[in-house]
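Everything below belongs to target_13.txt, which stores compact mmCIF, N, CA and C atoms.
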# COMPACT_ATOMS: atom_id res chain seq x y z
N MET A 12 -28.61 40.63 33.39
CA MET A 12 -28.06 39.81 32.34
C MET A 12 -29.01 39.86 31.14
N ALA A 13 -28.49 40.26 30.02
CA ALA A 13 -29.33 40.43 28.83
C ALA A 13 -29.59 39.08 28.18
N GLN A 14 -30.83 38.86 27.85
CA GLN A 14 -31.22 37.63 27.17
C GLN A 14 -31.24 37.87 25.66
N THR A 15 -30.70 36.93 24.92
CA THR A 15 -30.76 37.02 23.47
C THR A 15 -32.01 36.28 23.02
N ASN A 16 -32.80 36.91 22.18
CA ASN A 16 -34.03 36.30 21.71
C ASN A 16 -33.68 35.21 20.70
N ASN A 17 -33.99 33.97 21.06
CA ASN A 17 -33.74 32.85 20.17
C ASN A 17 -35.06 32.14 19.93
N ASN A 18 -35.60 32.32 18.75
CA ASN A 18 -36.88 31.69 18.41
C ASN A 18 -36.69 30.36 17.70
N GLY A 19 -35.53 29.77 17.84
CA GLY A 19 -35.27 28.50 17.18
C GLY A 19 -34.73 28.67 15.78
N ALA A 20 -34.48 29.91 15.38
CA ALA A 20 -33.96 30.14 14.03
C ALA A 20 -32.48 29.80 14.00
N ALA A 21 -32.03 29.30 12.87
CA ALA A 21 -30.62 28.94 12.71
C ALA A 21 -29.79 30.20 12.57
N ARG A 22 -28.62 30.17 13.20
CA ARG A 22 -27.70 31.29 13.06
C ARG A 22 -26.74 31.00 11.93
N SER A 23 -26.37 32.01 11.19
CA SER A 23 -25.44 31.80 10.08
C SER A 23 -24.03 31.61 10.63
N VAL A 24 -23.29 30.74 9.99
CA VAL A 24 -21.92 30.44 10.38
C VAL A 24 -21.05 30.59 9.14
N THR A 25 -19.95 31.28 9.29
CA THR A 25 -19.07 31.45 8.14
C THR A 25 -18.35 30.14 7.84
N THR A 26 -17.91 30.01 6.61
CA THR A 26 -17.21 28.79 6.20
C THR A 26 -15.94 28.60 7.01
N GLU A 27 -15.22 29.69 7.25
CA GLU A 27 -13.97 29.60 8.01
C GLU A 27 -14.23 29.14 9.43
N ASP A 28 -15.29 29.68 10.05
CA ASP A 28 -15.62 29.30 11.42
C ASP A 28 -16.01 27.83 11.49
N PHE A 29 -16.80 27.39 10.52
CA PHE A 29 -17.21 25.99 10.48
C PHE A 29 -16.01 25.07 10.33
N ASN A 30 -15.10 25.42 9.42
CA ASN A 30 -13.91 24.58 9.20
C ASN A 30 -13.05 24.53 10.45
N GLU A 31 -12.92 25.64 11.15
CA GLU A 31 -12.13 25.65 12.39
C GLU A 31 -12.76 24.75 13.45
N ARG A 32 -14.07 24.80 13.56
CA ARG A 32 -14.76 23.96 14.54
C ARG A 32 -14.59 22.49 14.22
N VAL A 33 -14.69 22.14 12.94
CA VAL A 33 -14.52 20.75 12.54
C VAL A 33 -13.10 20.29 12.82
N LYS A 34 -12.12 21.12 12.52
CA LYS A 34 -10.72 20.76 12.78
C LYS A 34 -10.50 20.52 14.27
N ARG A 35 -11.09 21.37 15.11
CA ARG A 35 -10.92 21.21 16.56
C ARG A 35 -11.55 19.92 17.05
N THR A 36 -12.71 19.55 16.49
CA THR A 36 -13.37 18.34 16.96
C THR A 36 -12.66 17.08 16.47
N LEU A 37 -11.98 17.16 15.33
CA LEU A 37 -11.34 15.97 14.77
C LEU A 37 -9.91 15.78 15.26
N VAL A 38 -9.38 16.72 16.04
CA VAL A 38 -8.01 16.58 16.53
C VAL A 38 -7.93 15.38 17.46
N GLY A 39 -6.98 14.50 17.21
CA GLY A 39 -6.75 13.37 18.09
C GLY A 39 -7.65 12.18 17.83
N LYS A 40 -8.58 12.27 16.87
CA LYS A 40 -9.44 11.14 16.58
C LYS A 40 -8.80 10.30 15.48
N SER A 41 -8.98 8.99 15.58
CA SER A 41 -8.42 8.11 14.56
C SER A 41 -9.31 8.16 13.31
N ASP A 42 -8.76 7.65 12.22
CA ASP A 42 -9.47 7.62 10.96
C ASP A 42 -10.72 6.76 11.11
N PRO A 43 -11.92 7.28 10.82
CA PRO A 43 -13.14 6.51 11.03
C PRO A 43 -13.24 5.29 10.12
N GLN A 44 -12.64 5.35 8.93
CA GLN A 44 -12.69 4.22 8.02
C GLN A 44 -11.28 3.69 7.80
N PRO A 45 -11.06 2.43 8.10
CA PRO A 45 -9.74 1.87 7.81
C PRO A 45 -9.55 1.80 6.30
N LYS A 46 -8.30 1.77 5.91
CA LYS A 46 -8.02 1.72 4.48
C LYS A 46 -8.56 0.42 3.90
N ALA A 47 -9.33 0.54 2.84
CA ALA A 47 -9.95 -0.63 2.24
C ALA A 47 -8.94 -1.38 1.39
N LYS A 48 -8.98 -2.69 1.49
CA LYS A 48 -8.13 -3.52 0.66
C LYS A 48 -8.82 -3.68 -0.69
N PRO A 49 -8.05 -3.72 -1.76
CA PRO A 49 -8.70 -3.95 -3.06
C PRO A 49 -9.32 -5.34 -3.11
N ALA A 50 -10.44 -5.45 -3.75
CA ALA A 50 -11.14 -6.73 -3.84
C ALA A 50 -10.33 -7.70 -4.68
N PRO A 51 -10.27 -8.95 -4.26
CA PRO A 51 -9.53 -9.93 -5.06
C PRO A 51 -10.23 -10.16 -6.39
N ARG A 52 -9.44 -10.35 -7.43
CA ARG A 52 -10.03 -10.61 -8.74
C ARG A 52 -10.31 -12.09 -8.87
N ARG A 53 -11.49 -12.39 -9.28
CA ARG A 53 -11.89 -13.79 -9.45
C ARG A 53 -12.15 -14.05 -10.92
N PHE A 54 -11.26 -14.81 -11.52
CA PHE A 54 -11.39 -15.14 -12.92
C PHE A 54 -11.99 -16.53 -13.06
N ARG A 55 -12.84 -16.68 -14.03
CA ARG A 55 -13.42 -17.99 -14.28
C ARG A 55 -12.41 -18.86 -15.00
N THR A 56 -12.17 -20.04 -14.49
CA THR A 56 -11.18 -20.93 -15.09
C THR A 56 -11.84 -21.95 -16.00
N GLY A 57 -13.15 -22.11 -15.94
CA GLY A 57 -13.85 -23.09 -16.76
C GLY A 57 -14.08 -22.58 -18.17
N ALA A 58 -14.58 -23.44 -19.01
CA ALA A 58 -14.88 -23.07 -20.39
C ALA A 58 -16.08 -22.13 -20.39
N PRO A 59 -16.10 -21.21 -21.34
CA PRO A 59 -17.26 -20.29 -21.40
C PRO A 59 -18.54 -21.04 -21.78
N ASN A 60 -19.65 -20.55 -21.30
CA ASN A 60 -20.95 -21.17 -21.60
C ASN A 60 -21.31 -20.92 -23.05
N THR A 61 -21.78 -21.95 -23.74
CA THR A 61 -22.21 -21.79 -25.12
C THR A 61 -23.69 -22.14 -25.18
N ALA A 62 -24.43 -21.37 -25.95
CA ALA A 62 -25.86 -21.60 -26.10
C ALA A 62 -26.07 -22.49 -27.32
N ASN A 63 -26.33 -23.77 -27.08
CA ASN A 63 -26.58 -24.71 -28.21
C ASN A 63 -28.01 -25.12 -28.18
Can the structure in the file be given as structure tokens, please?
Amino acid sequence: MAQTNNNGAARSVTTEDFNERVKRTLVGKSDPQPKAKPAPRRFRTGAPNTAN
């Protein structure tokens, strides 16, 4: 059985191969972030501050 010399160096991966791997790992997983609700707007109802 032939051993491949691996000195800890990173192997290059094509963009297409990477995208395919990511697609395979994400199949069947739910959305990690739920849809965010817009923040409620809070308007000041009092009189504006005046510097006297």
### Query
What is the atom C of Asp28 (chain A)-CA of Gln14 (chain A) distance in Å, reported with one decimal?
23.9 Å
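What separates CA of Val24 (chain A) from CA of Val38 (chain A) is a distance of 20.6 Å.
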Enclosing box along x, y and z for every listed atom of region 42-52 of chain A, padded 5 Å each side, centre and size in Å, one decimal, as lines of an AutoDock Vina configuration file:
center_x = -10.6
center_y = -2.2
center_z = 1.7
size_x = 15.2
size_y = 29.7
size_z = 31.1
